[in-house]
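S.K.: Below is the file upload_27.cif, which contains mmCIF, C-alpha atoms.
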data_start
loop_
_atom_site.label_atom_id
_atom_site.label_comp_id
_atom_site.auth_asym_id
_atom_site.auth_seq_id
_atom_site.Cartn_x
_atom_site.Cartn_y
_atom_site.Cartn_z
CA MET Q 178 19.79 -1.04 70.42
CA ASN Q 179 21.99 0.96 68.11
CA TRP Q 180 20.44 -0.39 64.93
CA ILE Q 181 16.95 0.52 66.08
CA SER Q 182 17.92 4.14 66.44
CA GLN Q 183 19.63 3.85 63.04
CA ILE Q 184 16.25 2.95 61.53
CA GLY Q 185 14.75 5.89 63.37
CA VAL Q 186 17.38 8.23 61.98
CA ILE Q 187 16.81 7.02 58.44
CA THR Q 188 13.01 7.31 58.77
CA LEU Q 189 13.17 10.82 60.18
CA PHE Q 190 15.66 11.84 57.51
CA SER Q 191 13.47 10.53 54.68
CA ILE Q 192 10.34 12.14 56.09
CA GLU Q 193 12.16 15.44 56.42
CA ARG Q 194 13.36 15.21 52.80
CA ILE Q 195 9.91 14.37 51.47
CA GLY Q 196 8.37 17.16 53.51
CA ARG Q 197 10.94 19.64 52.26
CA MET Q 198 10.24 18.61 48.66
CA GLY Q 199 6.51 18.92 49.22
CA LEU Q 200 6.82 22.34 50.81
CA PHE Q 201 9.05 23.40 47.91
CA LEU Q 202 6.29 22.55 45.42
CA VAL Q 203 3.59 24.21 47.55
CA ARG Q 204 5.67 27.38 47.82
CA ALA Q 205 6.32 27.36 44.07
CA PHE Q 206 2.61 27.02 43.30
CA LEU Q 207 1.70 29.75 45.78
CA CYS Q 208 4.16 32.06 44.05
CA ALA Q 209 2.83 30.97 40.66
CA ILE Q 210 -0.76 32.00 41.36
CA THR Q 211 -0.01 35.33 43.02
CA PRO Q 212 1.26 38.43 41.17
CA PRO Q 213 3.73 39.82 40.18
CA PHE Q 214 4.14 37.47 37.24
CA LYS Q 215 7.45 37.35 35.41
CA SER Q 216 6.12 36.66 31.94
CA SER Q 217 9.32 37.46 30.05
CA TRP Q 218 11.24 35.00 32.24
CA MET Q 219 8.57 32.45 31.52
CA LEU Q 220 8.85 33.07 27.79
CA LYS Q 221 12.56 32.39 27.94
CA GLN Q 222 11.97 29.15 29.81
CA VAL Q 223 9.29 27.97 27.35
CA TRP Q 224 11.82 28.70 24.65
CA PHE Q 225 14.48 26.72 26.50
CA ILE Q 226 12.38 23.74 27.62
CA GLY Q 227 9.97 23.68 24.68
CA SER Q 228 11.29 25.14 21.44
CA GLN Q 229 14.83 23.94 21.99
CA SER Q 230 13.63 20.39 22.63
CA THR Q 231 11.55 20.19 19.46
CA LEU Q 232 14.30 18.65 17.36
CA VAL Q 233 15.17 15.90 19.83
CA ILE Q 234 11.46 15.17 20.36
CA PHE Q 235 10.96 15.08 16.60
CA LEU Q 236 13.77 12.56 16.18
CA THR Q 237 12.77 10.29 19.08
CA GLY Q 238 9.12 10.47 18.01
CA ALA Q 239 9.91 9.57 14.43
CA PHE Q 240 12.08 6.62 15.36
CA SER Q 241 9.72 5.34 18.06
CA GLY Q 242 6.84 5.42 15.59
CA MET Q 243 8.93 3.76 12.90
CA VAL Q 244 10.08 0.95 15.15
CA LEU Q 245 6.52 0.48 16.43
CA GLY Q 246 5.34 0.23 12.84
CA LEU Q 247 8.00 -2.38 12.10
CA GLN Q 248 7.59 -4.44 15.26
CA GLY Q 249 3.83 -4.15 15.22
CA PHE Q 250 3.67 -5.27 11.62
CA TYR Q 251 5.66 -8.43 12.27
CA THR Q 252 3.75 -9.25 15.45
CA LEU Q 253 0.31 -8.59 13.96
CA ASN Q 254 1.24 -10.43 10.78
CA ARG Q 255 1.40 -13.67 12.79
CA PHE Q 256 -2.26 -13.26 13.67
CA GLY Q 257 -3.23 -11.99 10.25
CA SER Q 258 -4.50 -8.70 11.68
CA VAL Q 259 -2.18 -6.21 10.04
CA ALA Q 260 -5.19 -3.93 9.61
CA LEU Q 261 -4.91 -3.10 13.30
CA LEU Q 262 -1.41 -1.66 12.92
CA GLY Q 263 -2.73 1.91 12.95
CA PRO Q 264 -4.63 1.61 16.24
CA MET Q 265 -1.72 -0.24 17.81
CA VAL Q 266 0.82 2.41 16.90
CA ALA Q 267 -1.51 5.28 17.80
CA LEU Q 268 -2.67 3.87 21.13
CA SER Q 269 0.78 2.90 22.34
CA LEU Q 270 2.12 6.32 21.36
CA ILE Q 271 -0.76 8.39 22.71
CA LYS Q 272 -1.25 6.52 25.97
CA GLU Q 273 2.26 5.50 26.94
CA LEU Q 274 5.27 6.16 24.80
CA GLY Q 275 4.51 9.76 23.87
CA PRO Q 276 4.19 11.18 27.39
CA VAL Q 277 6.87 8.98 28.97
CA LEU Q 278 9.54 9.18 26.30
CA SER Q 279 9.15 12.89 25.75
CA ALA Q 280 9.29 13.50 29.51
CA LEU Q 281 12.46 11.41 29.76
CA MET Q 282 14.05 13.20 26.81
CA VAL Q 283 13.16 16.61 28.22
CA THR Q 284 14.54 15.56 31.60
CA GLY Q 285 17.80 14.60 30.00
CA ARG Q 286 18.01 17.70 27.85
CA ALA Q 287 16.45 20.50 29.87
CA GLY Q 288 16.12 19.07 33.38
CA SER Q 289 19.82 18.55 33.84
CA ALA Q 290 20.45 22.09 32.62
CA ILE Q 291 17.87 23.48 35.07
CA THR Q 292 19.54 21.74 38.01
CA ALA Q 293 23.02 22.82 36.94
CA GLU Q 294 21.91 26.43 36.44
CA ILE Q 295 20.16 26.74 39.79
CA GLY Q 296 22.87 24.72 41.53
CA ILE Q 297 25.62 27.01 40.29
CA MET Q 298 23.58 30.03 41.33
CA ARG Q 299 23.30 28.45 44.76
CA THR Q 300 27.01 27.66 45.18
CA THR Q 301 28.11 31.04 43.87
CA GLU Q 302 25.68 32.63 46.35
CA GLN Q 303 23.62 34.36 43.67
CA ILE Q 304 20.42 33.03 45.24
CA ASP Q 305 21.49 34.49 48.60
CA ALA Q 306 22.15 37.77 46.83
CA ILE Q 307 18.63 37.79 45.39
CA GLU Q 308 17.23 37.13 48.86
CA LEU Q 309 19.38 39.90 50.36
CA MET Q 310 17.94 42.33 47.83
CA GLY Q 311 14.56 41.51 49.31
CA LEU Q 312 13.38 39.64 46.23
CA ASN Q 313 11.81 36.22 46.17
CA PRO Q 314 14.11 33.83 44.28
CA PHE Q 315 11.15 31.52 43.64
CA ARG Q 316 9.50 34.11 41.42
CA TYR Q 317 12.58 34.51 39.25
CA LEU Q 318 14.01 31.01 39.19
CA ILE Q 319 11.48 28.34 40.05
CA VAL Q 320 8.04 29.56 38.96
CA PRO Q 321 8.97 30.39 35.33
CA LYS Q 322 10.48 26.92 34.94
CA LEU Q 323 7.51 25.21 36.55
CA ILE Q 324 4.99 27.03 34.36
CA ALA Q 325 7.14 26.46 31.28
CA GLY Q 326 7.26 22.75 32.07
CA ILE Q 327 3.47 22.64 32.39
CA ILE Q 328 3.05 24.48 29.07
CA ALA Q 329 5.81 22.79 27.11
CA LEU Q 330 5.46 19.11 27.95
CA PRO Q 331 1.91 18.51 26.65
CA LEU Q 332 2.78 20.36 23.45
CA LEU Q 333 5.98 18.36 23.01
CA THR Q 334 4.05 15.17 23.68
CA ALA Q 335 1.48 16.10 21.03
CA ILE Q 336 4.29 16.71 18.53
CA PHE Q 337 5.86 13.39 19.53
CA ASP Q 338 2.56 11.54 19.01
CA VAL Q 339 1.81 13.03 15.61
CA VAL Q 340 5.36 12.56 14.33
CA GLY Q 341 5.34 9.00 15.65
CA ILE Q 342 2.03 8.17 14.00
CA PHE Q 343 3.33 9.41 10.66
CA GLY Q 344 6.63 7.60 11.25
CA GLY Q 345 4.67 4.41 11.81
CA TYR Q 346 2.77 5.06 8.60
CA LEU Q 347 6.04 5.61 6.75
CA ILE Q 348 7.23 2.11 7.67
CA GLY Q 349 3.93 0.22 7.98
CA GLY Q 350 2.20 1.91 5.07
CA LYS Q 351 4.81 2.92 2.55
CA LEU Q 352 7.38 0.18 3.17
CA LEU Q 353 5.31 -2.82 4.29
CA GLY Q 354 2.13 -2.10 2.37
CA VAL Q 355 -0.64 -1.40 4.87
CA GLY Q 356 -3.17 0.80 3.06
CA GLU Q 357 -3.44 4.45 4.00
CA GLY Q 358 -7.20 4.16 4.52
CA THR Q 359 -6.77 1.09 6.70
CA TYR Q 360 -4.03 2.64 8.80
CA PHE Q 361 -5.70 5.98 9.50
CA GLY Q 362 -9.32 4.79 9.30
CA GLU Q 363 -8.91 2.02 11.87
CA MET Q 364 -6.93 4.44 14.01
CA ALA Q 365 -9.82 6.88 14.09
CA ALA Q 366 -12.20 4.04 14.89
CA TYR Q 367 -10.27 2.85 17.92
CA VAL Q 368 -8.74 5.96 19.48
CA ARG Q 369 -11.17 7.63 21.85
CA ILE Q 370 -10.99 11.13 23.24
CA GLN Q 371 -10.35 9.63 26.70
CA ASP Q 372 -7.12 8.07 25.41
CA ILE Q 373 -5.90 11.43 24.20
CA LEU Q 374 -6.91 13.11 27.45
CA GLU Q 375 -5.08 10.41 29.39
CA GLY Q 376 -1.92 11.23 27.45
CA ILE Q 377 -2.36 14.96 28.09
CA TYR Q 378 -2.96 14.48 31.82
CA LYS Q 379 0.12 12.32 32.02
CA SER Q 380 2.33 14.80 30.23
CA LEU Q 381 0.99 17.66 32.38
CA SER Q 382 1.90 15.79 35.54
CA PHE Q 383 5.29 14.84 34.11
CA GLY Q 384 5.92 18.50 33.33
CA ILE Q 385 5.31 19.41 36.96
CA LEU Q 386 7.28 16.40 38.24
CA MET Q 387 10.32 17.03 36.07
CA THR Q 388 10.67 20.75 36.81
CA TRP Q 389 9.86 20.21 40.48
CA VAL Q 390 12.56 17.59 41.07
CA CYS Q 391 15.16 19.38 38.95
CA CYS Q 392 14.55 22.79 40.55
CA TYR Q 393 14.54 21.27 44.03
CA LYS Q 394 17.80 19.41 43.51
CA GLY Q 395 19.45 22.52 42.14
CA TYR Q 396 18.05 24.77 44.87
CA TYR Q 397 19.46 22.56 47.62
CA ALA Q 398 22.66 21.62 45.78
CA GLY Q 399 25.76 20.90 47.84
CA PHE Q 400 28.81 23.11 47.86
CA GLY Q 401 31.20 23.49 44.95
CA ALA Q 402 31.54 21.81 41.60
CA GLU Q 403 31.14 18.40 43.18
CA GLY Q 404 27.88 19.39 44.81
CA VAL Q 405 26.46 20.66 41.51
CA SER Q 406 27.50 17.56 39.59
CA LYS Q 407 26.02 15.34 42.29
CA ALA Q 408 22.79 17.34 42.29
CA THR Q 409 22.51 17.12 38.50
CA THR Q 410 22.97 13.36 38.49
CA GLN Q 411 20.49 12.92 41.33
CA ALA Q 412 17.96 15.18 39.63
CA VAL Q 413 18.04 13.27 36.34
CA VAL Q 414 17.92 9.87 38.01
CA LEU Q 415 15.22 10.80 40.50
CA SER Q 416 12.97 12.50 37.96
CA SER Q 417 13.32 9.64 35.46
CA VAL Q 418 12.43 7.08 38.11
CA LEU Q 419 9.59 9.19 39.45
CA ILE Q 420 8.22 9.70 35.93
CA LEU Q 421 8.06 5.95 35.32
CA PHE Q 422 6.66 5.30 38.80
CA TRP Q 423 4.02 8.01 38.45
CA ASP Q 424 3.18 6.75 34.97
CA TYR Q 425 2.25 3.40 36.46
CA ILE Q 426 0.15 5.02 39.19
CA MET Q 427 -1.66 7.24 36.68
CA THR Q 428 -2.33 4.38 34.28
CA SER Q 429 -3.83 2.26 37.05
CA LEU Q 430 -5.94 5.20 38.25
CA LEU Q 431 -7.11 6.39 34.84
CA PHE Q 432 -7.77 3.04 33.26
CA MET E 64 16.71 40.93 17.61
CA LYS E 65 17.66 38.24 20.10
CA ARG E 66 14.42 38.69 22.00
CA LEU E 67 12.40 38.69 18.82
CA ASN E 68 14.00 35.39 17.85
CA THR E 69 13.05 33.86 21.17
CA GLU E 70 9.50 35.05 20.83
CA PHE E 71 9.29 33.76 17.28
CA ALA E 72 10.66 30.35 18.30
CA VAL E 73 8.25 30.09 21.21
CA GLY E 74 5.34 31.14 19.02
CA LEU E 75 6.27 28.60 16.39
CA PHE E 76 6.64 25.88 19.02
CA VAL E 77 3.30 26.64 20.66
CA LEU E 78 1.60 26.78 17.28
CA ALA E 79 3.09 23.44 16.21
CA GLY E 80 2.11 21.86 19.53
CA ILE E 81 -1.45 23.13 19.37
CA LEU E 82 -1.78 21.99 15.75
CA CYS E 83 -0.65 18.51 16.75
CA LEU E 84 -3.03 18.48 19.73
CA GLY E 85 -5.84 19.57 17.44
CA TYR E 86 -5.00 16.89 14.91
CA LEU E 87 -5.03 14.23 17.62
CA SER E 88 -8.25 15.26 19.27
CA ILE E 89 -10.30 16.16 16.21
CA LYS E 90 -9.05 13.67 13.64
CA LEU E 91 -8.48 10.73 15.96
CA GLY E 92 -10.47 11.47 19.09
CA ARG E 93 -13.46 12.74 17.11
CA MET E 94 -13.96 15.62 19.48
CA GLU E 95 -16.92 17.69 18.38
CA ILE E 96 -16.04 21.35 18.46
CA LEU E 97 -19.50 22.42 17.36
CA GLY E 98 -21.51 20.43 19.86
CA GLY E 99 -25.25 20.18 19.54
CA LYS E 100 -25.15 19.64 15.79
CA GLY E 101 -27.67 17.03 14.82
CA TYR E 102 -30.65 15.60 16.62
CA GLU E 103 -31.13 12.83 19.13
CA VAL E 104 -33.18 9.68 19.00
CA TYR E 105 -33.10 6.70 21.28
CA ALA E 106 -33.62 2.98 21.05
CA ILE E 107 -34.14 0.27 23.63
CA PHE E 108 -32.05 -2.88 23.27
CA SER E 109 -32.19 -6.08 25.29
CA ASN E 110 -28.40 -6.22 25.14
CA THR E 111 -25.82 -3.64 24.07
CA GLY E 112 -23.16 -6.20 23.25
CA GLY E 113 -20.46 -3.69 24.20
CA ILE E 114 -21.61 -0.49 22.49
CA LYS E 115 -19.87 2.51 24.03
CA THR E 116 -20.30 6.25 23.92
CA GLY E 117 -18.83 7.42 20.61
CA SER E 118 -19.52 4.21 18.69
CA ALA E 119 -20.53 4.80 15.08
CA VAL E 120 -24.08 4.74 13.73
CA VAL E 121 -24.21 3.76 10.07
CA LEU E 122 -26.88 3.49 7.41
CA ALA E 123 -26.03 1.50 4.29
CA GLY E 124 -22.41 1.54 5.45
CA VAL E 125 -22.26 5.34 5.62
CA GLU E 126 -21.63 6.92 8.99
CA ILE E 127 -24.57 9.11 9.93
CA GLY E 128 -24.03 9.69 13.64
CA ARG E 129 -22.62 8.53 16.96
CA VAL E 130 -23.77 6.96 20.18
CA LYS E 131 -24.28 9.72 22.72
CA SER E 132 -25.00 7.71 25.82
CA VAL E 133 -25.76 4.22 27.05
CA SER E 134 -27.89 3.83 30.14
CA LEU E 135 -30.07 1.31 31.89
CA GLU E 136 -33.82 1.75 31.84
CA ASN E 137 -36.27 -0.78 33.18
CA TYR E 138 -33.70 -3.61 32.99
CA GLN E 139 -33.03 -2.82 29.35
CA ALA E 140 -30.36 -0.79 27.64
CA LYS E 141 -31.36 2.68 26.44
CA ILE E 142 -28.97 3.91 23.77
CA THR E 143 -29.20 7.54 22.74
CA LEU E 144 -27.91 8.39 19.26
CA THR E 145 -26.94 11.75 17.80
CA LEU E 146 -27.75 11.76 14.09
CA GLN E 147 -26.87 14.25 11.40
CA PRO E 148 -29.75 16.68 10.85
CA GLU E 149 -30.12 15.97 7.13
CA VAL E 150 -30.64 12.22 7.72
CA LYS E 151 -34.23 11.29 8.45
CA ILE E 152 -35.02 7.88 9.87
CA GLN E 153 -38.31 6.24 8.96
CA GLU E 154 -40.56 5.36 11.82
CA ASP E 155 -40.36 1.62 11.08
CA ALA E 156 -36.58 1.55 10.62
CA VAL E 157 -34.69 -1.16 12.50
CA ALA E 158 -31.63 -0.48 14.64
CA THR E 159 -29.26 -3.41 14.94
CA ILE E 160 -25.96 -3.84 16.72
CA LYS E 161 -23.24 -5.27 14.55
CA THR E 162 -19.57 -6.09 14.82
CA ARG E 163 -16.93 -4.99 12.36
CA GLY E 164 -15.21 -8.21 11.40
CA LEU E 165 -15.12 -11.14 13.78
CA VAL E 166 -13.63 -9.39 16.80
CA GLY E 167 -13.75 -5.77 15.69
CA GLU E 168 -15.54 -2.92 17.38
CA LYS E 169 -19.30 -2.69 17.71
CA TYR E 170 -21.45 -0.26 15.79
CA ILE E 171 -25.14 0.40 15.24
CA GLU E 172 -26.57 -0.20 11.81
CA ILE E 173 -29.87 1.35 10.88
CA ILE E 174 -31.89 -0.52 8.30
CA PRO E 175 -34.31 1.95 6.69
CA GLY E 176 -38.02 1.22 6.68
CA GLY E 177 -40.78 2.08 4.23
CA SER E 178 -43.02 4.28 6.33
CA ASN E 179 -43.85 7.85 5.36
CA GLU E 180 -43.48 9.02 8.92
CA TYR E 181 -40.13 9.91 10.35
CA VAL E 182 -38.76 9.55 13.87
CA PRO E 183 -38.93 13.06 15.39
CA PRO E 184 -36.01 14.53 17.38
CA GLY E 185 -36.09 12.92 20.82
CA GLY E 186 -38.22 10.10 19.47
CA ARG E 187 -37.67 6.40 19.68
CA ILE E 188 -36.64 3.85 17.08
CA ARG E 189 -39.03 1.11 18.08
CA GLU E 190 -37.66 -1.81 16.14
CA THR E 191 -34.35 -3.07 17.48
CA GLN E 192 -32.37 -6.21 17.17
CA PRO E 193 -29.78 -7.25 19.77
CA PRO E 194 -26.31 -8.28 18.62
CA VAL E 195 -25.63 -11.82 17.58
CA ASP E 196 -23.87 -13.55 20.45
CA LEU E 197 -20.99 -15.36 18.84
CA GLU E 198 -20.52 -17.75 21.75
CA ASP E 199 -24.20 -18.70 21.71
CA LEU E 200 -23.97 -19.35 18.02
CA ILE E 201 -20.89 -21.51 18.35
CA SER E 202 -22.36 -23.53 21.20
CA LYS E 203 -25.54 -24.02 19.20
CA ILE E 204 -23.59 -25.36 16.27
CA LEU E 205 -21.45 -27.55 18.47
CA PHE E 206 -24.02 -29.03 20.82
CA GLU E 207 -27.41 -28.79 19.22
CA LYS E 208 -26.49 -29.87 15.73
CA ILE E 209 -28.91 -27.63 13.88
#
Translate the structure of the given file into structure tokens.

M.R.:
Amino acid sequence: MNWISQIGVITLFSIERIGRMGLFLVRAFLCAITPPFKSSWMLKQVWFIGSQSTLVIFLTGAFSGMVLGLQGFYTLNRFGSVALLGPMVALSLIKELGPVLSALMVTGRAGSAITAEIGIMRTTEQIDAIELMGLNPFRYLIVPKLIAGIIALPLLTAIFDVVGIFGGYLIGGKLLGVGEGTYFGEMAAYVRIQDILEGIYKSLSFGILMTWVCCYKGYYAGFGAEGVSKATTQAVVLSSVLILFWDYIMTSLLF
Amino acid sequence: MKRLNTEFAVGLFVLAGILCLGYLSIKLGRMEILGGKGYEVYAIFSNTGGIKTGSAVVLAGVEIGRVKSVSLENYQAKITLTLQPEVKIQEDAVATIKTRGLVGEKYIEIIPGGSNEYVPPGGRIRETQPPVDLEDLISKILFEKI
């Protein structure tokens, strides 16, 4: 009989966790759509999540595009359809790799920092101090990050896509000899506006997902240095897994 | 100065992101910012052969418009085209569905006619030719020995 109640305990615990995460997001959105807005805090977060990540996104985008150009060329060469290298690179970047890889990179770079920052504020009782002053910590800590994630991720993804497409051209076109007209012309013929919108929707949802999980984990971080380190690890792992999981769901829904 | 730097960096980032988004959607996605440019004509086909919204319409190999919509009318396919305003289509022109390469994407080719009358905006291109069904052709060659 003991193991049955064990299952019950685990179920109740998971439901409580999921509910708490859901309520966290609902509360954040409610604070986001009601004044007062903290625009200067938001600016700082866009700077932190967006501008600061540009270099790493640039590098990952360039190398993803280059390796796609290389791999795609050798694969397509077997079928004698090298002309389709452009569409292949563009579609895989715009629909899949751009949103997912940039979300994962931003999670690693900015998400971990978000969790650590909020977690340390929690363990050093700064969040309690904000509450004691009668202020809403969500407005100062969570909402600016959430909005910044929603703004920054699609823009970073767009940068990733464009850099990747030109990286693919660098390898496929300049090094391996696919014509510029073929590469970009075929690309324009095959990429539809729906593909680009799909990528944007994905990156928008990843922006929410990443900031949500990272803020939540930091907000409910355990006590002390150990608690913060545990929360940071959990936040990065959980948001990466959720991003890939949600990517699958969105692809199957949007296809 | 610190704050100014932040603002500058954010501005630069947003600008770069929007430029990239614009490049993607206008250059690759062929989003029309100035909608409503051009005029519409339609044609009835017995088979679309896989024409989709946004497929190209060409005349003598030059792109002159795009497919606006594909719908079913009276058990036949009604394809609405948006053509550039300066291109006039003769009334006896023929619209055919063709494939780029053997397995490439489908497009509509307009073969000009000789009539003095032009298809008005909202009018119909009467002469159409359905796409060549590759499988039909192959089976004909294989089994009927033409």

S.K.: Could you produce a table of the residues of chain Q lying within 7 Å of chain E, with the nearest pair of atoms per residue and their separation in Å rounded to one decimal, using all atoms listed in the file, ordered by chain and increasing residue number, as a Markdown table?

M.R.:
| residue | atom | partner | partner_atom | distance |
| --- | --- | --- | --- | --- |
| Q:Lys221 | CA | E:Thr69 | CA | 6.9 |
| Q:Val223 | CA | E:Val73 | CA | 6.6 |
| Q:Trp224 | CA | E:Val73 | CA | 5.1 |
| Q:Gly227 | CA | E:Phe76 | CA | 6.9 |
| Q:Ser228 | CA | E:Phe76 | CA | 5.3 |
| Q:Leu332 | CA | E:Gly80 | CA | 4.3 |
| Q:Leu333 | CA | E:Gly80 | CA | 6.3 |
| Q:Ala335 | CA | E:Leu84 | CA | 5.3 |
| Q:Ile336 | CA | E:Cys83 | CA | 5.6 |
| Q:Val339 | CA | E:Cys83 | CA | 6.1 |
| Q:Met364 | CA | E:Leu91 | CA | 6.8 |
| Q:Ala365 | CA | E:Leu91 | CA | 4.5 |
| Q:Val368 | CA | E:Gly92 | CA | 5.8 |
| Q:Arg369 | CA | E:Gly92 | CA | 4.8 |
| Q:Ile370 | CA | E:Gly92 | CA | 4.2 |
| Q:Ile373 | CA | E:Ser88 | CA | 6.7 |

S.K.: On this structure, which residues satisfy the PyMOL selection byres ((chain E and resi 113) around 10), written as a list of chain:residue names?

M.R.: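 Against this file, the PyMOL selection byres ((chain E and resi 113) around 10) returns the residues E:Asn110, E:Thr111, E:Gly112, E:Ile114, E:Lys115, E:Thr116, E:Ser118, E:Val133, E:Ile160, E:Thr162, E:Glu168, E:Lys169, E:Tyr170, E:Pro194.
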
S.K.: Once you count all atoms listed in the file, which residues end up no further than 7 Å from (7.7, 13.1, 18.0) in the file's frame, shown as a PyMOL selection string?

M.R.: chain Q and resi 234-239+336-341

S.K.: Can you tell me, as a PyMOL selection string, what residues are no more than 7 Å from Gln153 in chain E when counting all atoms listed in the file, ignoring any on the same chain fewer than 6 positions away?

M.R.: chain E and resi 175-182

S.K.: Between E:Ser109, E:Ser132, E:Thr145, E:Gln139, which has the minimum distance to Gly185 in chain E (counting all atoms listed in the file)?

M.R.: E:Thr145

S.K.: Specify as a tab-separated table (two decimals) with C-alpha atoms, in the coordinates of the input each residue included when the PyMOL selection byres ((chain Q and resi 298-307) around 9) is applied to this file.

M.R.:
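Written output follows (expr.tsv):
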chain	number	residue	atom	x	y	z
Q	293	ALA	CA	23.02	22.82	36.94
Q	294	GLU	CA	21.91	26.43	36.44
Q	295	ILE	CA	20.16	26.74	39.79
Q	296	GLY	CA	22.87	24.72	41.53
Q	297	ILE	CA	25.62	27.01	40.29
Q	308	GLU	CA	17.23	37.13	48.86
Q	309	LEU	CA	19.38	39.90	50.36
Q	310	MET	CA	17.94	42.33	47.83
Q	311	GLY	CA	14.56	41.51	49.31
Q	312	LEU	CA	13.38	39.64	46.23
Q	313	ASN	CA	11.81	36.22	46.17
Q	314	PRO	CA	14.11	33.83	44.28
Q	395	GLY	CA	19.45	22.52	42.14
Q	396	TYR	CA	18.05	24.77	44.87
Q	397	TYR	CA	19.46	22.56	47.62
Q	398	ALA	CA	22.66	21.62	45.78
Q	399	GLY	CA	25.76	20.90	47.84
Q	400	PHE	CA	28.81	23.11	47.86
Q	401	GLY	CA	31.20	23.49	44.95
Q	402	ALA	CA	31.54	21.81	41.60
Q	404	GLY	CA	27.88	19.39	44.81
Q	405	VAL	CA	26.46	20.66	41.51

S.K.: Write out as a list in words which residues come within 9 Å of range 120-122 of chain E when counting all atoms listed in the file, dropping same-chain ones fewer than 3 positions away.

M.R.: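 Close residues of range 120-122 of chain E: Val125, Glu126, Ile127, Gly128, Arg129, Val130, Leu144, Thr145, Leu146, Tyr170, Ile171, Glu172, Ile173, Ile174 and Pro175 of chain E.
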
S.K.: Keeping C-alpha atoms, export the residues of the selection given above as a tab-separated table (two decimals), in the frame of the given file.

M.R.:
chain	number	residue	atom	x	y	z
E	125	VAL	CA	-22.26	5.34	5.62
E	126	GLU	CA	-21.63	6.92	8.99
E	127	ILE	CA	-24.57	9.11	9.93
E	128	GLY	CA	-24.03	9.69	13.64
E	129	ARG	CA	-22.62	8.53	16.96
E	130	VAL	CA	-23.77	6.96	20.18
E	144	LEU	CA	-27.91	8.39	19.26
E	145	THR	CA	-26.94	11.75	17.80
E	146	LEU	CA	-27.75	11.76	14.09
E	170	TYR	CA	-21.45	-0.26	15.79
E	171	ILE	CA	-25.14	0.40	15.24
E	172	GLU	CA	-26.57	-0.20	11.81
E	173	ILE	CA	-29.87	1.35	10.88
E	174	ILE	CA	-31.89	-0.52	8.30
E	175	PRO	CA	-34.31	1.95	6.69

S.K.: Could you pull the residues within 12 Å of Gly350 in chain Q, counting only C-alpha atoms, minus those fewer than 6 positions along the same chain, as a ChimeraX atom specification?

M.R.: /Q:243,246-247,249-250,259-263,266,342-344,356-361

S.K.: Kindly give the distance, in Å, that separates CA of Pro276 in chain Q and CA of Pro264 in chain Q, rounded to a single decimal.

M.R.: 17.1 Å

S.K.: Find the distance between CA of Val104 in chain E and CA of Gly186 in chain E and write it in Å to one decimal.

M.R.: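 Between CA of Val104 in chain E and CA of Gly186 in chain E the gap is 5.1 Å.
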
S.K.: Could you state the separation of CA of Thr388 in chain Q and CA of Leu189 in chain Q in Å, given to one decimal place?

M.R.: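 Straight-line distance from CA of Thr388 in chain Q to CA of Leu189 in chain Q works out to 25.5 Å.
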
S.K.: Tell me which of E:Leu205, E:Leu197, E:Ala140, E:Ile188 sits closest to Ala158 in chain E, counting only C-alpha atoms.

M.R.: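 Among E:Leu205, E:Leu197, E:Ala140, E:Ile188, it is E:Ile188 that comes nearest to Ala158 in chain E.
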
S.K.: For Ile210 in chain Q, find every residue with an atom within 12 Å (counting only C-alpha atoms), except residues of its own chain fewer than 3 positions away, and show them as a PDB file with C-alpha atoms, in the frame of the given file.

M.R.:
ATOM      1  CA  VAL Q 203       3.590  24.210  47.550  1.00  0.00           C
ATOM      2  CA  ARG Q 204       5.670  27.380  47.820  1.00  0.00           C
ATOM      3  CA  ALA Q 205       6.320  27.360  44.070  1.00  0.00           C
ATOM      4  CA  PHE Q 206       2.610  27.020  43.300  1.00  0.00           C
ATOM      5  CA  LEU Q 207       1.700  29.750  45.780  1.00  0.00           C
ATOM      6  CA  PRO Q 213       3.730  39.820  40.180  1.00  0.00           C
ATOM      7  CA  PHE Q 214       4.140  37.470  37.240  1.00  0.00           C
ATOM      8  CA  LYS Q 215       7.450  37.350  35.410  1.00  0.00           C
ATOM      9  CA  ARG Q 316       9.500  34.110  41.420  1.00  0.00           C
ATOM     10  CA  VAL Q 320       8.040  29.560  38.960  1.00  0.00           C
ATOM     11  CA  PRO Q 321       8.970  30.390  35.330  1.00  0.00           C
ATOM     12  CA  LEU Q 323       7.510  25.210  36.550  1.00  0.00           C
ATOM     13  CA  ILE Q 324       4.990  27.030  34.360  1.00  0.00           C
TER      14      ILE Q 324
END
